[in-house]
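A.B. asks: Provided herewith: final_24.txt, compact mmCIF, C-alpha atoms.
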# COMPACT_ATOMS: atom_id res chain seq x y z
CA MET O 564 4.86 7.55 41.64
CA PHE O 565 1.28 7.91 42.79
CA SER O 566 1.12 11.70 42.63
CA TRP O 567 -1.88 11.43 40.32
CA LEU O 568 -3.78 10.02 43.29
CA ILE O 569 -3.38 13.32 45.07
CA ASP O 570 -3.93 15.50 42.03
CA GLU O 571 -6.99 13.58 40.89
CA TRP O 572 -8.84 12.19 43.83
CA PHE O 573 -11.82 11.26 41.67
CA PRO O 574 -11.36 8.87 38.75
CA GLY O 575 -11.38 11.19 35.74
CA PRO O 576 -10.14 10.32 32.27
CA GLU O 577 -6.54 10.98 33.35
CA VAL O 578 -6.72 8.40 36.13
CA THR O 579 -8.37 5.88 33.84
CA ALA O 580 -5.55 6.42 31.36
CA VAL O 581 -2.94 5.84 34.05
CA LEU O 582 -4.70 2.67 35.20
CA LEU O 583 -4.79 1.37 31.63
CA THR O 584 -1.13 2.08 30.94
CA MET O 585 0.19 0.75 34.25
CA THR O 586 2.73 -2.01 33.87
CA LYS O 587 1.92 -5.39 35.35
CA LEU O 588 4.42 -4.68 38.09
CA LEU O 589 2.65 -1.45 39.05
CA GLU O 590 -0.72 -3.22 38.94
CA TRP O 591 0.60 -5.75 41.44
CA VAL O 592 2.13 -3.11 43.69
CA PHE O 593 -1.15 -1.19 43.58
CA GLY O 594 -3.24 -4.29 44.35
CA VAL O 595 -1.01 -5.45 47.20
CA LEU O 596 -1.01 -1.94 48.68
CA LEU O 597 -4.82 -1.79 48.60
CA LEU O 598 -5.12 -5.18 50.29
CA GLY O 599 -2.43 -4.25 52.80
CA VAL O 600 -4.15 -1.02 53.74
CA ALA O 601 -7.51 -2.80 54.16
CA TRP O 602 -5.83 -5.45 56.27
CA ALA O 603 -4.05 -2.90 58.50
CA LEU O 604 -7.26 -0.90 58.95
CA MET O 605 -9.07 -4.01 60.15
CA THR O 606 -6.34 -5.55 62.25
CA PHE O 607 -5.18 -2.44 64.07
CA ASP O 608 -8.50 -0.58 63.87
CA LEU O 609 -6.68 2.48 62.54
CA LEU O 610 -9.90 4.42 61.92
CA ASP O 611 -11.11 3.79 65.48
CA LEU O 612 -14.31 2.12 64.30
CA LYS O 613 -14.46 -0.02 67.47
CA ILE O 614 -14.25 -3.20 65.37
CA PRO O 615 -15.11 -6.17 67.64
CA GLY O 616 -12.16 -8.31 68.70
CA THR O 617 -13.43 -11.42 66.91
CA TYR O 618 -13.26 -9.70 63.51
CA ARG O 619 -9.77 -8.48 64.23
CA GLU O 620 -8.70 -11.98 65.20
CA VAL O 621 -9.99 -13.27 61.88
CA ALA O 622 -8.34 -10.45 59.93
CA TRP O 623 -4.94 -10.74 61.59
CA PRO O 624 -3.73 -14.03 59.97
CA MET O 625 -5.59 -13.36 56.68
CA PRO O 626 -2.45 -12.70 54.53
CA VAL O 627 -1.05 -16.10 55.50
CA TYR O 628 -4.41 -17.80 54.76
CA LEU O 629 -4.52 -16.13 51.37
CA LEU O 630 -0.98 -17.23 50.55
CA VAL O 631 -1.69 -20.81 51.58
CA VAL O 632 -4.91 -20.91 49.57
CA PHE O 633 -3.17 -19.47 46.53
CA GLY O 634 -0.32 -21.97 46.91
CA CYS O 635 -2.75 -24.88 47.08
CA TYR O 636 -4.67 -23.57 44.08
CA SER O 637 -1.42 -23.23 42.10
CA LEU O 638 -0.20 -26.72 42.94
CA ALA O 639 -3.59 -28.27 42.18
CA THR O 640 -3.90 -26.41 38.87
CA VAL O 641 -0.39 -27.21 37.64
CA GLY O 642 -0.72 -30.83 38.80
CA TYR O 643 -4.04 -31.27 37.02
CA ARG O 644 -2.69 -29.70 33.83
CA VAL O 645 0.41 -31.88 33.81
CA ALA O 646 -1.73 -34.98 34.36
CA THR O 647 -4.12 -34.06 31.54
CA PHE O 648 -1.45 -32.86 29.08
CA ASN O 649 -2.33 -34.63 25.83
CA ASP O 650 0.21 -37.08 24.48
CA CYS O 651 -0.20 -36.77 20.74
CA GLU O 652 0.79 -40.31 19.86
CA GLU O 653 -1.33 -40.40 16.70
CA ALA O 654 0.09 -37.07 15.49
CA SER O 655 3.56 -38.57 15.60
CA ILE O 656 2.47 -41.74 13.79
CA GLU O 657 0.69 -39.70 11.13
CA LEU O 658 3.76 -37.51 10.66
CA GLN O 659 6.08 -40.51 10.29
CA ALA O 660 3.83 -41.97 7.60
CA GLN O 661 3.67 -38.65 5.77
CA ILE O 662 7.45 -38.30 5.92
CA MET O 663 7.80 -41.63 4.08
CA GLU O 664 5.20 -40.56 1.54
CA ALA O 665 6.88 -37.17 1.05
CA LYS O 666 10.35 -38.64 0.60
CA GLU O 667 9.09 -41.01 -2.09
CA ASP O 668 7.16 -38.29 -3.89
CA LEU O 669 10.07 -35.85 -3.75
CA ARG O 670 12.46 -38.45 -5.12
CA ARG O 671 10.05 -39.04 -8.01
CA LYS O 672 9.98 -35.28 -8.66
CA GLY O 673 13.76 -35.32 -8.91
CA LEU O 674 14.94 -34.03 -5.56
CA LYS O 675 18.45 -35.13 -4.62
CA MET O 676 18.72 -35.28 -0.85
CA MET R 1381 -7.89 -34.32 13.61
CA THR R 1382 -10.57 -32.21 12.06
CA ASN R 1383 -9.95 -31.61 8.40
CA ARG R 1384 -12.54 -29.23 7.12
CA LYS R 1385 -12.15 -27.94 3.61
CA GLY R 1386 -11.92 -24.17 3.47
CA SER R 1387 -12.00 -23.93 -0.30
CA GLN R 1388 -15.67 -22.94 -0.48
CA GLN R 1389 -15.06 -19.72 1.37
CA SER R 1390 -11.63 -19.03 -0.08
CA ARG R 1391 -11.29 -15.38 -0.95
CA ASP R 1392 -9.21 -14.74 -4.02
CA SER R 1393 -7.76 -11.53 -2.66
CA ASP R 1394 -6.25 -13.19 0.42
CA LYS R 1395 -2.72 -14.47 0.15
CA TYR R 1396 -0.76 -16.25 2.85
CA SER R 1397 3.01 -15.89 3.10
CA VAL R 1398 4.71 -18.59 5.16
CA LEU R 1399 7.99 -17.47 6.71
CA LEU R 1400 10.39 -20.33 7.30
CA PRO R 1401 13.60 -19.30 9.03
CA THR R 1402 16.06 -22.18 8.64
CA TYR R 1403 19.44 -23.14 10.00
CA ASN R 1404 20.75 -26.61 9.14
CA GLU R 1405 17.36 -27.99 8.10
CA ARG R 1406 18.46 -29.87 4.97
CA GLU R 1407 16.57 -32.99 6.04
CA ASN R 1408 13.41 -31.25 7.21
CA LEU R 1409 12.98 -28.46 4.66
CA PRO R 1410 11.80 -30.66 1.75
CA LEU R 1411 9.35 -32.42 4.05
CA ILE R 1412 7.84 -29.26 5.53
CA VAL R 1413 7.56 -27.71 2.06
CA TRP R 1414 5.92 -30.85 0.71
CA LEU R 1415 3.38 -30.76 3.54
CA LEU R 1416 2.73 -27.04 3.01
CA VAL R 1417 2.13 -27.57 -0.71
CA LYS R 1418 -0.17 -30.52 0.08
CA TYR R 1419 -2.38 -28.70 2.59
CA PHE R 1420 -2.48 -25.36 0.81
CA GLY R 1421 -3.29 -27.26 -2.40
CA GLU R 1422 -6.17 -29.09 -0.73
CA SER R 1423 -7.64 -26.00 0.89
CA GLY R 1424 -7.21 -23.87 -2.24
CA HIS R 1425 -5.81 -20.82 -0.50
CA ASN R 1426 -3.34 -18.58 -2.31
CA TYR R 1427 0.13 -18.89 -0.74
CA GLU R 1428 3.89 -18.53 -0.96
CA VAL R 1429 6.69 -20.02 1.13
CA ILE R 1430 9.60 -17.74 1.99
CA VAL R 1431 12.72 -19.60 3.05
CA ILE R 1432 15.09 -17.43 5.09
CA ASP R 1433 18.25 -19.45 5.43
CA ASP R 1434 20.94 -18.06 7.67
CA GLY R 1435 23.97 -19.42 5.84
CA SER R 1436 23.51 -23.05 6.92
CA PRO R 1437 26.75 -24.99 6.44
CA ASP R 1438 24.79 -28.20 5.73
CA GLY R 1439 23.56 -27.03 2.32
CA THR R 1440 19.96 -26.18 3.24
CA LEU R 1441 20.01 -23.48 0.56
CA GLU R 1442 20.98 -25.98 -2.16
CA VAL R 1443 18.01 -28.16 -1.23
CA ALA R 1444 15.78 -25.07 -1.17
CA LYS R 1445 16.87 -24.23 -4.73
CA GLN R 1446 15.89 -27.72 -5.88
CA LEU R 1447 12.50 -27.29 -4.22
CA GLN R 1448 12.10 -23.99 -6.04
CA GLU R 1449 12.66 -25.79 -9.34
CA ILE R 1450 10.09 -28.43 -8.45
CA TYR R 1451 7.33 -26.19 -7.10
CA GLY R 1452 8.00 -22.94 -8.95
CA GLU R 1453 9.54 -19.57 -8.17
CA ASP R 1454 6.15 -18.05 -7.39
CA LYS R 1455 5.55 -20.59 -4.61
CA ILE R 1456 9.01 -20.99 -3.10
CA LEU R 1457 10.96 -17.79 -2.51
CA LEU R 1458 14.55 -17.83 -1.30
CA ARG R 1459 15.69 -14.91 0.78
CA PRO R 1460 18.92 -16.12 2.38
CA ARG R 1461 21.16 -14.17 4.70
CA ALA R 1462 24.90 -14.53 5.09
CA LYS R 1463 24.95 -15.62 8.73
CA LYS R 1464 22.83 -16.39 11.75
CA LEU R 1465 21.25 -13.11 12.84
CA GLY R 1466 18.34 -14.04 15.09
CA LEU R 1467 14.64 -14.69 14.73
CA GLY R 1468 13.33 -11.14 14.98
CA THR R 1469 15.48 -9.86 12.13
CA ALA R 1470 14.66 -12.98 10.10
CA TYR R 1471 10.97 -12.06 10.31
CA ILE R 1472 11.67 -8.42 9.38
CA HIS R 1473 13.74 -9.65 6.44
CA GLY R 1474 10.99 -12.08 5.40
CA ILE R 1475 8.14 -9.58 5.70
CA LYS R 1476 9.94 -7.17 3.38
CA HIS R 1477 9.68 -9.75 0.61
CA ALA R 1478 6.23 -11.11 1.48
CA THR R 1479 3.51 -10.39 -1.05
CA GLY R 1480 0.66 -11.86 1.02
CA ASN R 1481 -1.67 -9.85 3.24
CA TYR R 1482 -1.40 -12.56 5.90
CA VAL R 1483 1.76 -14.13 7.27
CA PHE R 1484 2.27 -17.53 8.88
CA ILE R 1485 5.28 -18.08 11.09
CA MET R 1486 6.21 -21.61 12.04
CA ASP R 1487 9.24 -23.80 12.73
CA ALA R 1488 10.78 -25.70 9.84
CA ASP R 1489 11.72 -28.69 11.99
CA LEU R 1490 8.34 -30.49 11.58
CA SER R 1491 7.24 -29.84 15.16
CA HIS R 1492 4.49 -27.67 13.64
CA HIS R 1493 2.26 -29.56 11.21
CA PRO R 1494 0.85 -27.69 8.18
CA LYS R 1495 -2.41 -29.66 8.51
CA PHE R 1496 -3.53 -27.02 11.01
CA ILE R 1497 -3.18 -24.17 8.53
CA PRO R 1498 -6.78 -24.36 7.23
CA GLU R 1499 -7.98 -24.23 10.83
CA PHE R 1500 -5.90 -21.11 11.50
CA ILE R 1501 -7.38 -19.42 8.43
CA GLU R 1502 -10.92 -20.43 9.32
CA LYS R 1503 -10.46 -19.17 12.87
CA GLN R 1504 -9.03 -15.87 11.67
CA ARG R 1505 -11.97 -15.29 9.31
CA GLU R 1506 -14.51 -16.33 11.92
CA GLY R 1507 -13.49 -13.58 14.33
CA GLY R 1508 -11.53 -11.20 12.11
CA TYR R 1509 -8.60 -11.70 14.47
CA ASP R 1510 -5.38 -9.70 14.15
CA LEU R 1511 -3.44 -12.80 15.07
CA VAL R 1512 -4.23 -16.46 15.59
CA SER R 1513 -1.93 -18.42 17.87
CA GLY R 1514 -1.53 -22.19 17.93
CA THR R 1515 -1.89 -23.57 21.44
CA ARG R 1516 -0.61 -26.79 22.98
CA TYR R 1517 -2.46 -26.12 26.20
CA ARG R 1518 -6.12 -26.07 25.15
CA GLY R 1519 -8.72 -28.39 23.68
CA ASP R 1520 -7.22 -31.13 21.52
CA GLY R 1521 -3.82 -29.48 21.65
CA GLY R 1522 -0.86 -31.32 23.10
CA VAL R 1523 2.70 -32.50 22.70
CA TYR R 1524 4.53 -35.63 21.65
CA GLY R 1525 7.90 -36.67 23.00
CA TRP R 1526 7.91 -34.83 26.32
CA ASP R 1527 8.69 -36.57 29.58
CA LEU R 1528 7.12 -35.70 32.93
CA ARG R 1529 9.87 -33.25 33.86
CA ARG R 1530 9.48 -31.33 30.62
CA LYS R 1531 5.70 -31.23 31.00
CA LEU R 1532 5.98 -30.01 34.58
CA ILE R 1533 8.40 -27.21 33.67
CA SER R 1534 6.25 -26.20 30.73
CA ARG R 1535 3.00 -26.14 32.69
CA GLY R 1536 4.62 -24.47 35.69
CA ALA R 1537 6.26 -21.76 33.61
CA ASN R 1538 3.00 -21.20 31.75
CA PHE R 1539 1.03 -20.90 35.00
CA ILE R 1540 3.44 -18.36 36.50
CA THR R 1541 3.37 -16.35 33.29
CA GLN R 1542 -0.43 -16.41 33.19
CA VAL R 1543 -0.61 -15.14 36.76
CA LEU R 1544 1.96 -12.39 36.32
CA LEU R 1545 1.16 -11.13 32.82
CA ARG R 1546 -2.48 -12.16 32.14
CA PRO R 1547 -1.72 -12.12 28.41
CA GLY R 1548 -5.08 -13.30 27.07
CA ALA R 1549 -3.56 -16.29 25.28
CA SER R 1550 -2.84 -19.75 26.58
CA ASP R 1551 0.37 -20.61 24.69
CA LEU R 1552 2.93 -17.85 24.96
CA THR R 1553 6.12 -19.56 23.88
CA GLY R 1554 4.63 -21.37 20.90
CA SER R 1555 5.72 -20.08 17.52
CA PHE R 1556 3.04 -21.39 15.14
CA ARG R 1557 1.01 -18.28 14.42
CA LEU R 1558 -0.93 -16.43 11.75
CA TYR R 1559 -0.68 -12.64 11.62
CA LYS R 1560 -2.18 -9.90 9.56
CA LYS R 1561 0.88 -8.62 7.78
CA GLU R 1562 0.76 -5.08 9.16
CA VAL R 1563 0.20 -6.44 12.68
CA LEU R 1564 3.29 -8.61 12.45
CA GLU R 1565 5.27 -5.66 11.13
CA SER R 1566 4.30 -3.40 14.01
CA LEU R 1567 4.93 -6.14 16.61
CA VAL R 1568 8.31 -7.25 15.32
CA GLU R 1569 9.55 -3.66 15.41
CA ARG R 1570 8.77 -3.45 19.11
CA CYS R 1571 10.15 -6.77 20.27
CA VAL R 1572 13.71 -7.03 21.48
CA SER R 1573 13.85 -10.39 23.31
CA LYS R 1574 15.66 -13.51 22.16
CA GLY R 1575 14.79 -17.20 22.10
CA TYR R 1576 11.69 -18.45 23.89
CA VAL R 1577 10.97 -15.00 25.25
CA PHE R 1578 10.69 -13.48 21.77
CA GLN R 1579 7.42 -15.32 21.04
CA MET R 1580 6.13 -14.42 24.49
CA GLU R 1581 6.96 -10.77 24.02
CA MET R 1582 5.18 -10.78 20.65
CA ILE R 1583 1.90 -11.91 22.19
CA VAL R 1584 2.21 -9.74 25.31
CA ARG R 1585 2.83 -6.65 23.17
CA ALA R 1586 -0.11 -7.69 20.99
CA ARG R 1587 -2.37 -7.54 24.01
CA GLN R 1588 -0.83 -4.25 25.09
CA LEU R 1589 -1.62 -2.77 21.66
CA ASN R 1590 -5.19 -4.13 21.86
CA TYR R 1591 -4.84 -6.53 18.94
CA SER R 1592 -7.41 -9.32 18.96
CA ILE R 1593 -6.08 -12.84 19.49
CA GLY R 1594 -7.68 -16.13 18.39
CA GLU R 1595 -6.44 -19.60 19.30
CA VAL R 1596 -6.29 -22.95 17.54
CA PRO R 1597 -5.33 -26.16 19.40
CA ILE R 1598 -2.29 -27.80 17.80
CA SER R 1599 -0.30 -30.94 18.41
CA PHE R 1600 3.40 -30.31 18.82
CA VAL R 1601 5.69 -33.17 17.84
CA ASP R 1602 9.08 -32.58 19.42
CA ARG R 1603 11.87 -33.58 17.10
CA VAL R 1604 14.25 -34.36 19.93
CA TYR R 1605 12.62 -37.60 20.96
CA GLY R 1606 12.95 -38.71 24.57
CA GLU R 1607 15.67 -36.37 25.72
CA SER R 1608 14.99 -32.91 27.02
CA LYS R 1609 16.54 -29.90 25.38
CA LEU R 1610 15.32 -27.59 28.13
CA GLY R 1611 18.34 -26.98 30.35
CA GLY R 1612 19.14 -24.65 33.23
CA ASN R 1613 20.28 -21.87 30.88
CA GLU R 1614 16.94 -21.80 29.06
CA ILE R 1615 15.05 -21.63 32.33
CA VAL R 1616 17.17 -18.75 33.66
CA SER R 1617 16.84 -16.74 30.46
CA PHE R 1618 13.10 -17.45 30.42
CA LEU R 1619 12.72 -16.11 33.97
CA LYS R 1620 14.78 -13.03 33.12
CA GLY R 1621 12.62 -12.36 30.10
CA LEU R 1622 9.45 -12.91 32.10
CA LEU R 1623 10.50 -10.42 34.78
CA THR R 1624 11.53 -7.89 32.15
CA LEU R 1625 8.09 -8.11 30.54
CA PHE R 1626 6.48 -7.98 33.99
CA ALA R 1627 8.22 -4.70 34.76
CA THR R 1628 7.90 -3.07 31.34
CA THR R 1629 4.51 -4.02 29.87
Using the file provided, produce a representation of the structure as structure tokens.
C.D. replies:
Amino acid sequence: MFSWLIDEWFPGPEVTAVLLTMTKLLEWVFGVLLLGVAWALMTFDLLDLKIPGTYREVAWPMPVYLLVVFGCYSLATVGYRVATFNDCEEASIELQAQIMEAKEDLRRKGLKM
Amino acid sequence: MTNRKGSQQSRDSDKYSVLLPTYNERENLPLIVWLLVKYFGESGHNYEVIVIDDGSPDGTLEVAKQLQEIYGEDKILLRPRAKKLGLGTAYIHGIKHATGNYVFIMDADLSHHPKFIPEFIEKQREGGYDLVSGTRYRGDGGVYGWDLRRKLISRGANFITQVLLRPGASDLTGSFRLYKKEVLESLVERCVSKGYVFQMEMIVRARQLNYSIGEVPISFVDRVYGESKLGGNEIVSFLKGLLTLFATT
């Protein structure tokens, strides 16, 4: 699936084209993989960079933090949008009035309902 | 609502075809046509209304014929089909007979008010957009007749869709839209979904094909007052459609 990564290590036009035509699913897989690799590198110090223990302790629970933050953001956003969803009272009143007007006018023009 | 007159900048060469797919809309059809005639008359844009009736047993076609006599055969076109065949094919059928270079699609049940049409046209001209979508979720847009449950489902579904698909439009399931005719043609050909998902697929494919999208806030007056017509089946088919688009676009 990602053979182009091996063929084309450097982003040439081919890679750009693949990135542009990726489905949303592939974009997500790609993004999660990138984050996952970065997380594993930090947490398990896979590159042997002698990352200090404190950093690794912060990195270790990061996926859960991110999920919780995203969950809170989602709930807050949806909640706010539900609360501020416009009730178009006046649109309904206007429509009702226009329906009466239309019916009368159409009857005058000879429409048999 | 804002009611700016667009007649000053009306271009004679532009013509707007309104596609109205109907099924058992005997009560509503005369009213929607009356409103269309009123607002197109006030704004001075060139237009035609194409009624695509799918063999309604309630006599919608009879009423449509009377309307044709009242408003003229150049304004009201009847392109009926023998039976109910789905929205996508109704649009294809309608486009074939449309003489305008722009096409409006909207519901005939009065949930979409023709008073917004001049705003759609103005918006389209302002940015040269390939399509202009009405939105219930932005600015002065909104709904009438939805309870808390319905609002929550709607907002929740919209949020999930925005996160997964990033479609570049705020109202994906709305069906009050203005298209350049050739844009609508190319989109309809590609879309295979049914129901709510059809409108969503149209706008997602539009983004995929790099068409430009403008938005106009609209008020949506639900004709089923009080009670909710969004059941479990609709939600399941919506999620299926969403995941299909997620995996394929």
A.B. asks: One number please: CA of Phe1420 in chain R to CA of Ile1485 in chain R, in Å, one decimal.
C.D. replies: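 So the two atoms, CA of Phe1420 in chain R and CA of Ile1485 in chain R, lie 14.8 Å apart.
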A.B. asks: If we draw a sphere of 9 Å around (2.4, -7.3, 6.1), which residues have at least one atom in it when counting all atoms listed in the file? Please report them as a ChimeraX atom specification.
C.D. replies: /R:1475-1476,1478-1483,1559-1565
A.B. asks: Using all atoms listed in the file, I'd like every residue of chain O that has an atom within 12 Å of chain R; please write them out as a VMD selection string.
C.D. replies: chain O and resid 583 to 592 633 to 634 636 to 676
A.B. asks: Include C-alpha atoms and write out the residues we just selected as a short mmCIF file (atom, residue, chain, number, x, y, z; two decimals), in the coordinates of the input.
C.D. replies:
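Final output, part.cif:
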data_model
loop_
_atom_site.label_atom_id
_atom_site.label_comp_id
_atom_site.auth_asym_id
_atom_site.auth_seq_id
_atom_site.Cartn_x
_atom_site.Cartn_y
_atom_site.Cartn_z
CA LEU O 583 -4.79 1.37 31.63
CA THR O 584 -1.13 2.08 30.94
CA MET O 585 0.19 0.75 34.25
CA THR O 586 2.73 -2.01 33.87
CA LYS O 587 1.92 -5.39 35.35
CA LEU O 588 4.42 -4.68 38.09
CA LEU O 589 2.65 -1.45 39.05
CA GLU O 590 -0.72 -3.22 38.94
CA TRP O 591 0.60 -5.75 41.44
CA VAL O 592 2.13 -3.11 43.69
CA PHE O 633 -3.17 -19.47 46.53
CA GLY O 634 -0.32 -21.97 46.91
CA TYR O 636 -4.67 -23.57 44.08
CA SER O 637 -1.42 -23.23 42.10
CA LEU O 638 -0.20 -26.72 42.94
CA ALA O 639 -3.59 -28.27 42.18
CA THR O 640 -3.90 -26.41 38.87
CA VAL O 641 -0.39 -27.21 37.64
CA GLY O 642 -0.72 -30.83 38.80
CA TYR O 643 -4.04 -31.27 37.02
CA ARG O 644 -2.69 -29.70 33.83
CA VAL O 645 0.41 -31.88 33.81
CA ALA O 646 -1.73 -34.98 34.36
CA THR O 647 -4.12 -34.06 31.54
CA PHE O 648 -1.45 -32.86 29.08
CA ASN O 649 -2.33 -34.63 25.83
CA ASP O 650 0.21 -37.08 24.48
CA CYS O 651 -0.20 -36.77 20.74
CA GLU O 652 0.79 -40.31 19.86
CA GLU O 653 -1.33 -40.40 16.70
CA ALA O 654 0.09 -37.07 15.49
CA SER O 655 3.56 -38.57 15.60
CA ILE O 656 2.47 -41.74 13.79
CA GLU O 657 0.69 -39.70 11.13
CA LEU O 658 3.76 -37.51 10.66
CA GLN O 659 6.08 -40.51 10.29
CA ALA O 660 3.83 -41.97 7.60
CA GLN O 661 3.67 -38.65 5.77
CA ILE O 662 7.45 -38.30 5.92
CA MET O 663 7.80 -41.63 4.08
CA GLU O 664 5.20 -40.56 1.54
CA ALA O 665 6.88 -37.17 1.05
CA LYS O 666 10.35 -38.64 0.60
CA GLU O 667 9.09 -41.01 -2.09
CA ASP O 668 7.16 -38.29 -3.89
CA LEU O 669 10.07 -35.85 -3.75
CA ARG O 670 12.46 -38.45 -5.12
CA ARG O 671 10.05 -39.04 -8.01
CA LYS O 672 9.98 -35.28 -8.66
CA GLY O 673 13.76 -35.32 -8.91
CA LEU O 674 14.94 -34.03 -5.56
CA LYS O 675 18.45 -35.13 -4.62
CA MET O 676 18.72 -35.28 -0.85
#
A.B. asks: Just how far from CA of Lys1463 in chain R is CA of Ser1566 in chain R, in Å to one decimal?
C.D. replies: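 Between CA of Ser1566 in chain R and CA of Lys1463 in chain R the gap is 24.6 Å.
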A.B. asks: What separation in Å, quoted to one decimal, exists between CA of Ala1444 in chain R and CA of Lys1495 in chain R?
C.D. replies: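 The value is 21.1 Å.
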A.B. asks: Residues near Ala622 in chain O, anyone? I mean within 10 Å using all atoms listed in the file, not counting same-chain ones fewer than 2 positions away, as a PyMOL selection string.
C.D. replies: chain O and resi 601-607+616-620+624-626+628
A.B. asks: Would you pick out the contacts of Ala1586 in chain R at 9 Å or less, using all atoms listed in the file, so that residues sharing its chain but fewer than 2 positions from it are not included, and give the list as a list in words?
C.D. replies: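 Close residues of Ala1586 in chain R: Asp1510, Leu1511, Pro1547, Val1563, Leu1567, Glu1581, Met1582, Ile1583, Val1584, Gln1588, Leu1589, Asn1590, Tyr1591, Ser1592 and Ile1593 of chain R.
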A.B. asks: Which residue out of R:Thr1515, R:Ser1550, R:Ser1436, R:Thr1469 has the minimum interatomic distance to Asn1404 in chain R when only C-alpha atoms are used?
C.D. replies: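 Residue with the minimum atom-to-atom distance to Asn1404 in chain R: R:Ser1436.
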A.B. asks: Using the incomplete input, complete range 588-600 of chain O to the level of N, CA, C and O atoms; output as a short mmCIF file (atom, residue, chain, number, x, y, z; two decimals), in the frame of the given file.
C.D. replies:
data_model
loop_
_atom_site.label_atom_id
_atom_site.label_comp_id
_atom_site.auth_asym_id
_atom_site.auth_seq_id
_atom_site.Cartn_x
_atom_site.Cartn_y
_atom_site.Cartn_z
N LEU O 588 3.76 -4.86 36.80
CA LEU O 588 4.42 -4.68 38.09
C LEU O 588 3.68 -3.65 38.93
O LEU O 588 3.34 -3.89 40.10
N LEU O 589 3.36 -2.50 38.32
CA LEU O 589 2.65 -1.45 39.05
C LEU O 589 1.26 -1.92 39.47
O LEU O 589 0.81 -1.64 40.58
N GLU O 590 0.59 -2.68 38.59
CA GLU O 590 -0.72 -3.22 38.94
C GLU O 590 -0.64 -4.07 40.20
O GLU O 590 -1.48 -3.98 41.09
N TRP O 591 0.43 -4.88 40.26
CA TRP O 591 0.60 -5.75 41.44
C TRP O 591 0.89 -4.93 42.69
O TRP O 591 0.32 -5.18 43.74
N VAL O 592 1.79 -3.97 42.55
CA VAL O 592 2.13 -3.11 43.69
C VAL O 592 0.86 -2.42 44.20
O VAL O 592 0.56 -2.40 45.40
N PHE O 593 0.10 -1.89 43.27
CA PHE O 593 -1.15 -1.19 43.58
C PHE O 593 -2.12 -2.11 44.30
O PHE O 593 -2.67 -1.77 45.36
N GLY O 594 -2.31 -3.32 43.76
CA GLY O 594 -3.24 -4.29 44.35
C GLY O 594 -2.81 -4.71 45.75
O GLY O 594 -3.62 -4.74 46.68
N VAL O 595 -1.52 -5.00 45.90
CA VAL O 595 -1.01 -5.45 47.20
C VAL O 595 -1.14 -4.32 48.22
O VAL O 595 -1.52 -4.54 49.38
N LEU O 596 -0.86 -3.08 47.78
CA LEU O 596 -1.01 -1.94 48.68
C LEU O 596 -2.46 -1.80 49.16
O LEU O 596 -2.72 -1.62 50.35
N LEU O 597 -3.40 -1.89 48.24
CA LEU O 597 -4.82 -1.79 48.60
C LEU O 597 -5.19 -2.83 49.64
O LEU O 597 -5.80 -2.51 50.67
N LEU O 598 -4.81 -4.11 49.35
CA LEU O 598 -5.12 -5.18 50.29
C LEU O 598 -4.44 -4.93 51.64
O LEU O 598 -5.05 -5.13 52.69
N GLY O 599 -3.19 -4.50 51.58
CA GLY O 599 -2.43 -4.25 52.80
C GLY O 599 -3.06 -3.18 53.66
O GLY O 599 -3.18 -3.32 54.89
N VAL O 600 -3.51 -2.11 53.00
CA VAL O 600 -4.15 -1.02 53.74
C VAL O 600 -5.45 -1.53 54.38
O VAL O 600 -5.70 -1.29 55.57
#
